[in-house]
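As provided, query-v6.cif (mmCIF, C-alpha atoms (C1' of nucleotides)) reads as follows.
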```cif
data_my_file
loop_
_atom_site.label_atom_id
_atom_site.label_comp_id
_atom_site.auth_asym_id
_atom_site.auth_seq_id
_atom_site.Cartn_x
_atom_site.Cartn_y
_atom_site.Cartn_z
CA MET A 1 -30.97 19.39 -24.43
CA ALA A 2 -30.19 15.76 -24.24
CA MET A 3 -32.75 13.07 -24.68
CA LEU A 4 -33.85 11.81 -21.34
CA GLY A 5 -34.06 8.22 -20.41
CA THR A 6 -31.04 6.92 -22.23
CA GLU A 7 -28.64 9.55 -21.05
CA LEU A 8 -25.11 8.32 -20.83
CA LEU A 9 -22.85 10.07 -18.37
CA PRO A 10 -19.29 11.17 -19.01
CA ILE A 11 -16.66 10.13 -16.54
CA GLY A 12 -16.42 13.52 -14.89
CA GLU A 13 -20.05 13.53 -13.99
CA VAL A 14 -19.98 9.99 -12.70
CA ALA A 15 -16.93 10.86 -10.67
CA HIS A 16 -18.63 13.86 -9.22
CA ARG A 17 -21.90 12.15 -8.45
CA ALA A 18 -20.27 9.11 -6.97
CA GLY A 19 -17.65 11.09 -5.12
CA ILE A 20 -14.99 8.87 -6.62
CA ALA A 21 -12.07 10.28 -8.56
CA ALA A 22 -12.09 9.80 -12.30
CA SER A 23 -8.68 8.23 -12.00
CA ALA A 24 -10.17 5.67 -9.67
CA LEU A 25 -12.90 4.91 -12.17
CA ARG A 26 -10.32 4.30 -14.87
CA TYR A 27 -8.40 2.19 -12.43
CA TYR A 28 -11.49 0.14 -11.64
CA GLU A 29 -11.96 -0.40 -15.31
CA SER A 30 -8.36 -1.47 -15.67
CA VAL A 31 -8.83 -4.15 -13.05
CA GLY A 32 -12.09 -5.33 -14.56
CA LEU A 33 -14.38 -3.96 -11.92
CA LEU A 34 -16.15 -1.60 -14.24
CA GLU A 35 -16.96 -1.38 -17.92
CA SER A 36 -17.71 1.57 -20.07
CA ALA A 37 -19.26 2.24 -23.41
CA ARG A 38 -17.39 4.68 -25.56
CA SER A 39 -18.50 7.69 -27.51
CA SER A 40 -17.57 8.03 -31.15
CA GLY A 41 -14.59 10.00 -29.99
CA GLY A 42 -13.47 7.25 -27.63
CA ARG A 43 -14.68 8.80 -24.41
CA ARG A 44 -16.21 6.78 -21.63
CA ARG A 45 -19.97 6.84 -21.35
CA TYR A 46 -21.72 5.31 -18.40
CA PRO A 47 -25.35 4.38 -17.90
CA ARG A 48 -26.90 5.69 -14.71
CA SER A 49 -26.82 2.17 -13.35
CA VAL A 50 -23.09 2.55 -12.88
CA LEU A 51 -23.85 4.72 -9.89
CA ARG A 52 -25.46 1.83 -8.15
CA ARG A 53 -22.59 -0.38 -9.05
CA LEU A 54 -20.21 2.16 -7.62
CA ALA A 55 -22.32 2.47 -4.53
CA PHE A 56 -22.03 -1.24 -4.14
CA ILE A 57 -18.30 -1.18 -4.63
CA ARG A 58 -17.92 1.59 -2.13
CA ALA A 59 -20.12 -0.07 0.40
CA ALA A 60 -18.38 -3.38 -0.03
CA GLN A 61 -15.00 -1.76 0.44
CA ASN A 62 -16.23 -0.20 3.59
CA VAL A 63 -17.29 -3.58 4.79
CA GLY A 64 -13.73 -4.65 4.31
CA LEU A 65 -13.82 -6.49 1.02
CA SER A 66 -10.94 -6.20 -1.36
CA LEU A 67 -11.52 -5.07 -4.90
CA ASP A 68 -10.87 -8.60 -5.95
CA GLU A 69 -13.58 -10.00 -3.77
CA ILE A 70 -15.92 -7.32 -4.96
CA LYS A 71 -15.09 -8.19 -8.51
CA THR A 72 -15.90 -11.79 -7.82
CA ALA A 73 -19.19 -10.84 -6.26
CA LEU A 74 -20.09 -8.54 -9.11
CA ALA A 75 -19.22 -11.22 -11.60
CA THR A 76 -22.27 -13.11 -10.45
CA LEU A 77 -24.53 -10.36 -11.70
CA PRO A 78 -26.32 -11.06 -14.95
CA GLU A 79 -24.55 -9.52 -17.89
CA ALA A 80 -27.50 -9.39 -20.15
CA ARG A 81 -29.62 -6.94 -18.22
CA THR A 82 -29.50 -4.20 -15.69
CA PRO A 83 -29.33 -5.85 -12.30
CA THR A 84 -32.58 -6.00 -10.45
CA VAL A 85 -33.31 -5.32 -6.86
CA ALA A 86 -33.20 -9.02 -6.29
CA ASP A 87 -29.71 -9.21 -7.74
CA TRP A 88 -28.36 -6.54 -5.43
CA THR A 89 -30.18 -8.02 -2.53
CA ARG A 90 -28.57 -11.36 -3.09
CA LEU A 91 -25.14 -9.80 -3.27
CA SER A 92 -25.67 -7.64 -0.24
CA ARG A 93 -26.89 -10.51 1.81
CA THR A 94 -23.49 -12.07 1.62
CA TRP A 95 -21.88 -9.20 3.43
CA ARG A 96 -24.54 -8.90 6.02
CA THR A 97 -22.84 -11.92 7.54
CA ARG A 98 -19.52 -10.25 7.23
CA LEU A 99 -20.81 -7.15 8.95
CA ASP A 100 -22.21 -9.26 11.73
CA GLU A 101 -18.84 -10.89 12.15
CA GLN A 102 -17.03 -7.62 12.16
CA ILE A 103 -19.37 -6.17 14.69
CA ALA A 104 -18.96 -9.23 16.83
CA GLY A 105 -15.18 -9.00 16.52
CA LEU A 106 -15.05 -5.36 17.46
CA THR A 107 -17.46 -5.88 20.28
CA ALA A 108 -15.30 -8.64 21.65
CA LEU A 109 -12.33 -6.37 21.33
CA ARG A 110 -14.12 -3.59 23.16
CA ASP A 111 -15.25 -5.82 25.95
CA GLY A 112 -11.78 -7.22 26.21
CA LEU A 113 -10.51 -3.71 26.44
CA THR A 114 -12.78 -2.89 29.31
CA LYS A 115 -11.55 -5.94 31.11
CA CYS A 116 -7.95 -5.25 30.29
CA ILE A 117 -8.15 -1.71 31.52
CA GLY A 118 -9.20 -3.21 34.76
CA CYS A 119 -6.25 -5.51 34.91
CA GLY A 120 -3.77 -3.50 32.92
CA CYS A 121 -2.46 -6.70 31.56
CA LEU A 122 -2.02 -6.31 27.86
CA SER A 123 -0.50 -9.69 27.93
CA LEU A 124 0.57 -10.80 24.52
CA ARG A 125 -0.95 -14.23 24.46
CA THR A 126 -3.69 -14.19 26.98
CA CYS A 127 -5.13 -10.73 26.59
CA ALA A 128 -8.24 -10.58 24.52
CA LEU A 129 -7.22 -7.21 23.22
CA SER A 130 -3.96 -8.01 21.65
CA ASN A 131 -5.09 -11.47 20.81
CA PRO A 132 -8.79 -11.14 20.16
CA ARG A 133 -9.55 -14.53 18.81
CA ASP A 134 -6.75 -16.40 20.39
CA VAL A 135 -4.99 -16.65 17.10
CA ALA A 136 -1.35 -16.23 17.84
CA GLY A 137 -0.45 -19.40 19.59
CA GLN A 138 2.81 -21.10 19.01
CA PHE A 139 2.90 -20.81 15.27
CA GLY A 140 6.00 -18.71 15.12
CA GLU A 141 5.31 -17.23 11.74
CA GLY A 142 3.47 -14.21 10.52
CA ALA A 143 1.06 -14.65 13.36
CA MET A 144 -1.73 -12.19 12.60
CA PHE A 145 -3.72 -10.76 15.36
CA LEU A 146 -6.67 -9.36 13.69
CA PRO A 147 -9.79 -11.40 13.96
CA GLU A 148 -10.19 -12.99 10.60
CA THR A 149 -13.26 -11.07 9.88
CA LEU A 150 -11.35 -7.88 10.15
CA ARG A 151 -8.51 -8.85 7.95
CA ALA A 152 -8.22 -8.58 4.25
CA HIS A 153 -8.48 -11.98 2.74
CA ASP A 154 -5.10 -12.46 1.26
CA GLU A 155 -5.07 -16.20 1.28
CA ALA A 156 -2.85 -17.10 -1.62
CA MET B 1 22.32 -19.67 33.80
CA ALA B 2 21.69 -16.03 33.27
CA MET B 3 21.05 -13.59 36.03
CA LEU B 4 17.40 -13.08 36.47
CA GLY B 5 15.71 -9.74 36.76
CA THR B 6 17.80 -7.78 34.30
CA GLU B 7 17.64 -10.24 31.49
CA LEU B 8 17.79 -8.67 28.09
CA LEU B 9 16.18 -10.55 25.26
CA PRO B 10 17.59 -11.04 21.79
CA ILE B 11 15.44 -10.21 18.84
CA GLY B 12 14.60 -13.80 18.00
CA GLU B 13 13.19 -14.46 21.38
CA VAL B 14 11.17 -11.29 21.40
CA ALA B 15 9.89 -12.12 17.95
CA HIS B 16 8.88 -15.55 19.06
CA ARG B 17 7.28 -14.47 22.29
CA ALA B 18 5.44 -11.61 20.71
CA GLY B 19 4.51 -13.56 17.62
CA ILE B 20 5.88 -10.73 15.52
CA ALA B 21 8.51 -11.30 12.88
CA ALA B 22 12.00 -10.12 13.64
CA SER B 23 11.94 -8.21 10.41
CA ALA B 24 8.88 -6.37 11.67
CA LEU B 25 10.69 -5.51 14.88
CA ARG B 26 13.55 -4.03 12.90
CA TYR B 27 11.06 -2.22 10.78
CA TYR B 28 9.35 -0.81 13.85
CA GLU B 29 12.68 0.40 15.04
CA SER B 30 13.37 1.99 11.70
CA VAL B 31 10.17 3.99 11.92
CA GLY B 32 10.80 5.01 15.48
CA LEU B 33 8.20 2.83 17.11
CA LEU B 34 10.67 0.80 19.04
CA GLU B 35 14.13 1.21 20.49
CA SER B 36 16.76 -1.31 21.33
CA ALA B 37 19.87 -1.51 23.41
CA ARG B 38 22.80 -3.20 21.75
CA SER B 39 25.13 -5.89 22.89
CA SER B 40 28.86 -5.39 22.61
CA GLY B 41 28.65 -7.08 19.26
CA GLY B 42 25.95 -4.76 18.02
CA ARG B 43 23.00 -7.05 18.47
CA ARG B 44 19.66 -5.85 19.66
CA ARG B 45 18.79 -6.46 23.29
CA TYR B 46 15.33 -5.79 24.57
CA PRO B 47 14.05 -5.44 28.12
CA ARG B 48 11.05 -7.56 28.95
CA SER B 49 8.92 -4.44 28.93
CA VAL B 50 9.15 -4.42 25.17
CA LEU B 51 6.65 -7.25 25.18
CA ARG B 52 4.02 -5.04 26.67
CA ARG B 53 4.86 -2.30 24.25
CA LEU B 54 4.44 -4.75 21.41
CA ALA B 55 1.18 -5.95 22.87
CA PHE B 56 0.06 -2.36 22.87
CA ILE B 57 1.12 -1.84 19.30
CA ARG B 58 -0.66 -4.93 18.18
CA ALA B 59 -3.80 -4.16 20.07
CA ALA B 60 -3.82 -0.64 18.73
CA GLN B 61 -3.46 -1.98 15.24
CA ASN B 62 -6.42 -4.19 15.88
CA VAL B 63 -8.41 -1.19 16.87
CA GLY B 64 -7.52 0.29 13.53
CA LEU B 65 -4.75 2.72 14.34
CA SER B 66 -1.92 3.26 11.91
CA LEU B 67 1.65 2.82 13.04
CA ASP B 68 1.98 6.54 12.89
CA GLU B 69 -0.90 7.11 15.24
CA ILE B 70 0.47 4.46 17.53
CA LYS B 71 3.81 6.15 17.50
CA THR B 72 2.20 9.41 18.49
CA ALA B 73 0.36 7.71 21.31
CA LEU B 74 3.48 5.99 22.54
CA ALA B 75 5.38 9.24 22.45
CA THR B 76 3.29 10.41 25.39
CA LEU B 77 4.72 7.71 27.61
CA PRO B 78 7.30 8.84 30.14
CA GLU B 79 10.79 8.24 28.91
CA ALA B 80 12.42 8.17 32.25
CA ARG B 81 10.77 5.09 33.62
CA THR B 82 9.08 1.90 32.67
CA PRO B 83 5.46 2.72 31.92
CA THR B 84 3.05 1.86 34.67
CA VAL B 85 -0.33 0.26 34.44
CA ALA B 86 -1.80 3.73 34.75
CA ASP B 87 0.17 4.85 31.71
CA TRP B 88 -1.11 2.02 29.58
CA THR B 89 -4.60 2.50 30.86
CA ARG B 90 -4.58 6.14 29.89
CA LEU B 91 -3.43 5.30 26.39
CA SER B 92 -5.97 2.58 25.88
CA ARG B 93 -8.90 4.55 27.16
CA THR B 94 -9.30 6.44 23.91
CA TRP B 95 -9.72 3.21 22.02
CA ARG B 96 -12.90 2.45 23.76
CA THR B 97 -14.44 5.47 22.09
CA ARG B 98 -12.98 4.55 18.80
CA LEU B 99 -14.28 1.04 19.05
CA ASP B 100 -17.69 2.29 20.06
CA GLU B 101 -17.73 4.51 17.01
CA GLN B 102 -16.64 1.74 14.73
CA ILE B 103 -19.24 -0.59 16.09
CA ALA B 104 -21.91 2.05 15.80
CA GLY B 105 -20.86 2.74 12.23
CA LEU B 106 -20.90 -0.87 11.20
CA THR B 107 -24.22 -1.40 12.88
CA ALA B 108 -25.65 1.58 11.08
CA LEU B 109 -24.31 0.23 7.86
CA ARG B 110 -25.77 -3.15 8.54
CA ASP B 111 -29.13 -1.78 9.49
CA GLY B 112 -29.15 0.65 6.64
CA LEU B 113 -28.31 -2.20 4.43
CA THR B 114 -31.19 -4.18 5.78
CA LYS B 115 -33.50 -1.33 5.01
CA CYS B 116 -32.01 -0.76 1.62
CA ILE B 117 -32.27 -4.41 0.83
CA GLY B 118 -35.95 -3.80 1.09
CA CYS B 119 -35.84 -1.31 -1.70
CA GLY B 120 -32.61 -2.43 -3.27
CA CYS B 121 -31.56 1.14 -3.67
CA LEU B 122 -28.01 1.42 -2.47
CA SER B 123 -28.25 5.02 -3.53
CA LEU B 124 -25.11 7.04 -3.48
CA ARG B 125 -26.45 10.10 -1.74
CA THR B 126 -29.90 9.39 -0.54
CA CYS B 127 -31.93 6.32 -0.50
CA ALA B 128 -34.10 5.86 -3.54
CA LEU B 129 -36.96 5.47 -1.15
CA SER B 130 -36.98 9.14 -0.47
CA ASN B 131 -35.38 10.15 -3.70
CA PRO B 132 -36.56 7.82 -6.44
CA ARG B 133 -35.01 9.79 -9.24
CA ASP B 134 -31.33 10.28 -9.24
CA VAL B 135 -31.43 13.90 -8.19
CA ALA B 136 -28.10 13.79 -6.51
CA GLY B 137 -25.99 15.97 -8.73
CA GLN B 138 -26.45 19.29 -6.99
CA PHE B 139 -25.15 18.35 -3.59
CA GLY B 140 -21.56 18.92 -2.75
CA GLU B 141 -19.09 16.23 -3.49
CA GLY B 142 -17.95 13.49 -1.26
CA ALA B 143 -21.25 12.75 0.37
CA MET B 144 -21.00 8.96 0.65
CA PHE B 145 -23.14 6.64 2.54
CA LEU B 146 -20.78 5.53 5.19
CA PRO B 147 -20.67 7.05 8.63
CA GLU B 148 -17.51 9.07 8.87
CA THR B 149 -16.12 6.92 11.56
CA LEU B 150 -15.82 4.08 9.16
CA ARG B 151 -14.12 5.78 6.37
CA ALA B 152 -10.45 5.84 5.89
CA HIS B 153 -9.13 9.20 6.89
CA ASP B 154 -7.88 10.20 3.53
CA GLU B 155 -9.41 13.62 3.29
CA ALA B 156 -6.92 15.61 1.31
"C1'" DC C 1 40.35 -24.44 15.39
"C1'" DT C 2 35.77 -25.42 12.36
"C1'" DG C 3 30.86 -25.08 11.64
"C1'" DC C 4 26.66 -23.07 11.93
"C1'" DA C 5 22.68 -20.64 13.66
"C1'" DA C 6 21.38 -16.23 14.70
"C1'" DG C 7 22.21 -11.60 14.07
"C1'" DT C 8 23.63 -7.24 11.36
"C1'" DT C 9 22.95 -3.68 7.38
"C1'" DA C 10 21.07 -1.35 3.24
"C1'" DA C 11 18.33 -1.78 -0.45
"C1'" DA C 12 14.95 -3.73 -3.12
"C1'" DG C 13 10.51 -6.11 -3.52
"C1'" DT C 14 5.44 -6.86 -2.45
"C1'" DG C 15 0.59 -5.82 -3.05
"C1'" DA C 16 -3.38 -3.08 -2.46
"C1'" DG C 17 -5.42 0.83 -4.09
"C1'" DG C 18 -4.86 4.16 -6.12
"C1'" DT C 19 -2.70 9.31 -8.06
"C1'" DT C 20 0.19 12.10 -11.12
"C1'" DG C 21 2.19 13.61 -15.32
"C1'" DA C 22 3.35 13.82 -20.14
"C1'" DG C 23 1.72 14.19 -24.42
"C1'" DG C 24 -2.17 13.98 -27.35
"C1'" DT C 25 -7.42 14.24 -28.77
"C1'" DC C 26 -12.23 15.81 -28.85
"C1'" DA C 27 -16.12 19.10 -28.74
"C1'" DA C 28 -18.08 23.47 -28.09
"C1'" DG C 29 -17.86 28.58 -27.97
"C1'" DG C 30 -16.31 32.91 -29.93
"C1'" DC D 1 -10.16 29.61 -37.43
"C1'" DC D 2 -8.40 29.32 -32.40
"C1'" DT D 3 -8.89 28.42 -27.58
"C1'" DT D 4 -10.42 25.96 -23.64
"C1'" DG D 5 -11.61 22.27 -20.91
"C1'" DA D 6 -12.79 17.70 -20.49
"C1'" DC D 7 -11.08 13.57 -21.87
"C1'" DC D 8 -7.76 9.87 -23.67
"C1'" DT D 9 -3.52 6.40 -22.81
"C1'" DC D 10 0.43 4.74 -20.72
"C1'" DA D 11 3.88 4.72 -17.50
"C1'" DA D 12 5.69 6.15 -13.36
"C1'" DC D 13 5.03 7.13 -8.84
"C1'" DC D 14 2.89 6.94 -4.07
"C1'" DT D 15 1.71 5.11 0.94
"C1'" DC D 16 1.53 1.41 4.24
"C1'" DA D 17 3.32 -2.22 6.53
"C1'" DC D 18 6.17 -5.21 5.97
"C1'" DT D 19 9.32 -9.15 3.81
"C1'" DT D 20 13.16 -10.63 1.19
"C1'" DT D 21 17.82 -10.71 -0.35
"C1'" DA D 22 22.74 -10.20 -0.33
"C1'" DA D 23 26.73 -9.87 1.89
"C1'" DC D 24 28.71 -9.97 6.07
"C1'" DT D 25 29.56 -10.64 11.57
"C1'" DT D 26 28.86 -12.69 16.20
"C1'" DG D 27 28.88 -16.10 19.37
"C1'" DC D 28 28.69 -20.68 20.95
"C1'" DA D 29 29.33 -25.85 20.67
"C1'" DG D 30 32.28 -29.47 19.65
#
```
Mind turning the file's structure into structure tokens?
Amino acid sequence: MAMLGTELLPIGEVAHRAGIAASALRYYESVGLLESARSSGGRRRYPRSVLRRLAFIRAAQNVGLSLDEIKTALATLPEARTPTVADWTRLSRTWRTRLDEQIAGLTALRDGLTKCIGCGCLSLRTCALSNPRDVAGQFGEGAMFLPETLRAHDEA
Amino acid sequence: MAMLGTELLPIGEVAHRAGIAASALRYYESVGLLESARSSGGRRRYPRSVLRRLAFIRAAQNVGLSLDEIKTALATLPEARTPTVADWTRLSRTWRTRLDEQIAGLTALRDGLTKCIGCGCLSLRTCALSNPRDVAGQFGEGAMFLPETLRAHDEA
DNA sequence: CTGCAAGTTAAAGTGAGGTTGAGGTCAAGG
DNA sequence: CCTTGACCTCAACCTCACTTTAACTTGCAG
């Protein structure tokens, strides 16, 4: 029987509980998204709090953030202690806005769709559907049609 | 002056009008999403209807479809004739559902988030509110907190 | 004719977000 | 002791949706 309370989880268990492949966990570590303690034999050992961190990562991904953005967000967590409710709350609040924007974008798209079904237009420049936020314009280049909120932020 | 009515557009013009890079048009052709007639010299010539097809592709992408899904959808268009408004309408109709689902999912996520901000849980399987100890282990894998509609369809 | 933009191809590169495989180690059971 | 399974690293590979590059051709204007 292990001591309770300070239990450290091996990667397989974390992977299973989080529903994230062990390879993904190693990958996250490789990109600096995750840290791990090591056992005497060099194996990864995670505190239970990693599950919350992973939940956050997962949720943030689902909201459309890149791993890089998530990393940046997580970097604002205090290193010295296990993050508190307030810490997570602060982080989460930042994507509440993003969710609102995404919802707004999709809603606009949907409403545009309804209209466009009526007119059958699907016009490249004027149709709200193919050009939700009126982005395309005369800038000949890479254009982009997704509402910003829906696109990965790849600004160089 | 060219004859009107049967004008065929070169790739550059299509690219410019559609706001899609010529390289992307060639790529679309390479994956079977687009076809082109050729001039005597071997250059691509597109009928004006390609603009609507491109609008469809772009809109579908905005709704979150992969090029492969779009290709499948487009494959149901009649080959013998230029697609009618009714054809496009039929294709687009399914998006409405998809958009509704996406919006519902994001809203659920947002609202769930709001709730969870209250407790700060962000629990992987069940909210800590109802499951304060991390009792998750015994449930099947994969659970996740996101509504299915929002997750990438990567189920192996 | 020259000059040059616009077009052609095949192949390689990009970047995000991983997975897969080879080859080796660690820890527990029999 | 030996076996088994979980784990380790590192490098290579994968998908998606394109873009870039190199080497070459087409077509039009002057």
**Request:** Run the PyMOL selection byres ((chain B and resi 48) around 9) on the file and write out the hits as a PyMOL selection string.
**Result:** chain B and resi 6-9+14+46-47+49-52
**Message:** Residue by residue, what does the PyMOL selection byres ((chain D) within 8 of (chain B)) grab here? Present the result as number ranges by chain.
**Reply:** D: 18-19, 26
**Request:** Define the interface residues of chain B facing chain C as those within 12 Å, counting only C-alpha atoms (C1' of nucleotides), and report them as a ChimeraX atom specification.
**Result:** /B:10-13,22-23,26,30,38-39,41-45,154
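Shortest atom-to-atom contact with chain A among B:Val63, B:Leu74, B:Ala80, B:Val31: B:Val63, counting all atoms listed in the file.
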**Message:** For a test of reading the model, state the distance in Å between atom CA of Leu91 of chain B and atom CA of Leu34 of chain B, rounded to one decimal.
**Reply:** 16.5 Å
When you get a chance, write out N, CA and C atoms for segment 53-69 of chain A, as a PDB file, in the coordinates of the input.
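Saved file result-v5.pdb follows:
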```pdb
ATOM      1  N   ARG A  53     -23.732   0.511  -9.112  1.00  0.00           N
ATOM      2  CA  ARG A  53     -22.590  -0.380  -9.050  1.00  0.00           C
ATOM      3  C   ARG A  53     -21.472   0.226  -8.202  1.00  0.00           C
ATOM      4  N   LEU A  54     -21.239   1.491  -8.408  1.00  0.00           N
ATOM      5  CA  LEU A  54     -20.210   2.160  -7.620  1.00  0.00           C
ATOM      6  C   LEU A  54     -20.590   2.241  -6.156  1.00  0.00           C
ATOM      7  N   ALA A  55     -21.859   2.451  -5.913  1.00  0.00           N
ATOM      8  CA  ALA A  55     -22.320   2.470  -4.530  1.00  0.00           C
ATOM      9  C   ALA A  55     -22.045   1.130  -3.876  1.00  0.00           C
ATOM     10  N   PHE A  56     -22.293   0.106  -4.657  1.00  0.00           N
ATOM     11  CA  PHE A  56     -22.030  -1.240  -4.140  1.00  0.00           C
ATOM     12  C   PHE A  56     -20.554  -1.426  -3.846  1.00  0.00           C
ATOM     13  N   ILE A  57     -19.751  -1.031  -4.801  1.00  0.00           N
ATOM     14  CA  ILE A  57     -18.300  -1.180  -4.630  1.00  0.00           C
ATOM     15  C   ILE A  57     -17.843  -0.441  -3.386  1.00  0.00           C
ATOM     16  N   ARG A  58     -18.297   0.779  -3.270  1.00  0.00           N
ATOM     17  CA  ARG A  58     -17.920   1.590  -2.130  1.00  0.00           C
ATOM     18  C   ARG A  58     -18.341   0.938  -0.819  1.00  0.00           C
ATOM     19  N   ALA A  59     -19.591   0.529  -0.812  1.00  0.00           N
ATOM     20  CA  ALA A  59     -20.120  -0.070   0.400  1.00  0.00           C
ATOM     21  C   ALA A  59     -19.348  -1.347   0.748  1.00  0.00           C
ATOM     22  N   ALA A  60     -19.083  -2.125  -0.263  1.00  0.00           N
ATOM     23  CA  ALA A  60     -18.380  -3.380  -0.030  1.00  0.00           C
ATOM     24  C   ALA A  60     -16.965  -3.134   0.494  1.00  0.00           C
ATOM     25  N   GLN A  61     -16.342  -2.111  -0.050  1.00  0.00           N
ATOM     26  CA  GLN A  61     -15.000  -1.760   0.440  1.00  0.00           C
ATOM     27  C   GLN A  61     -15.076  -1.385   1.908  1.00  0.00           C
ATOM     28  N   ASN A  62     -16.089  -0.639   2.215  1.00  0.00           N
ATOM     29  CA  ASN A  62     -16.230  -0.200   3.590  1.00  0.00           C
ATOM     30  C   ASN A  62     -16.473  -1.365   4.532  1.00  0.00           C
ATOM     31  N   VAL A  63     -17.049  -2.399   3.989  1.00  0.00           N
ATOM     32  CA  VAL A  63     -17.290  -3.580   4.790  1.00  0.00           C
ATOM     33  C   VAL A  63     -16.017  -4.405   4.914  1.00  0.00           C
ATOM     34  N   GLY A  64     -15.021  -4.002   4.161  1.00  0.00           N
ATOM     35  CA  GLY A  64     -13.730  -4.650   4.310  1.00  0.00           C
ATOM     36  C   GLY A  64     -13.377  -5.607   3.193  1.00  0.00           C
ATOM     37  N   LEU A  65     -14.151  -5.603   2.127  1.00  0.00           N
ATOM     38  CA  LEU A  65     -13.820  -6.490   1.020  1.00  0.00           C
ATOM     39  C   LEU A  65     -12.757  -5.858   0.139  1.00  0.00           C
ATOM     40  N   SER A  66     -11.929  -6.690  -0.420  1.00  0.00           N
ATOM     41  CA  SER A  66     -10.940  -6.200  -1.360  1.00  0.00           C
ATOM     42  C   SER A  66     -11.600  -6.021  -2.714  1.00  0.00           C
ATOM     43  N   LEU A  67     -10.972  -5.271  -3.573  1.00  0.00           N
ATOM     44  CA  LEU A  67     -11.520  -5.070  -4.900  1.00  0.00           C
ATOM     45  C   LEU A  67     -11.678  -6.403  -5.609  1.00  0.00           C
ATOM     46  N   ASP A  68     -10.803  -7.293  -5.316  1.00  0.00           N
ATOM     47  CA  ASP A  68     -10.870  -8.600  -5.950  1.00  0.00           C
ATOM     48  C   ASP A  68     -12.105  -9.379  -5.524  1.00  0.00           C
ATOM     49  N   GLU A  69     -12.374  -9.325  -4.268  1.00  0.00           N
ATOM     50  CA  GLU A  69     -13.580 -10.000  -3.770  1.00  0.00           C
ATOM     51  C   GLU A  69     -14.823  -9.350  -4.359  1.00  0.00           C
TER      52      GLU A  69
END
```
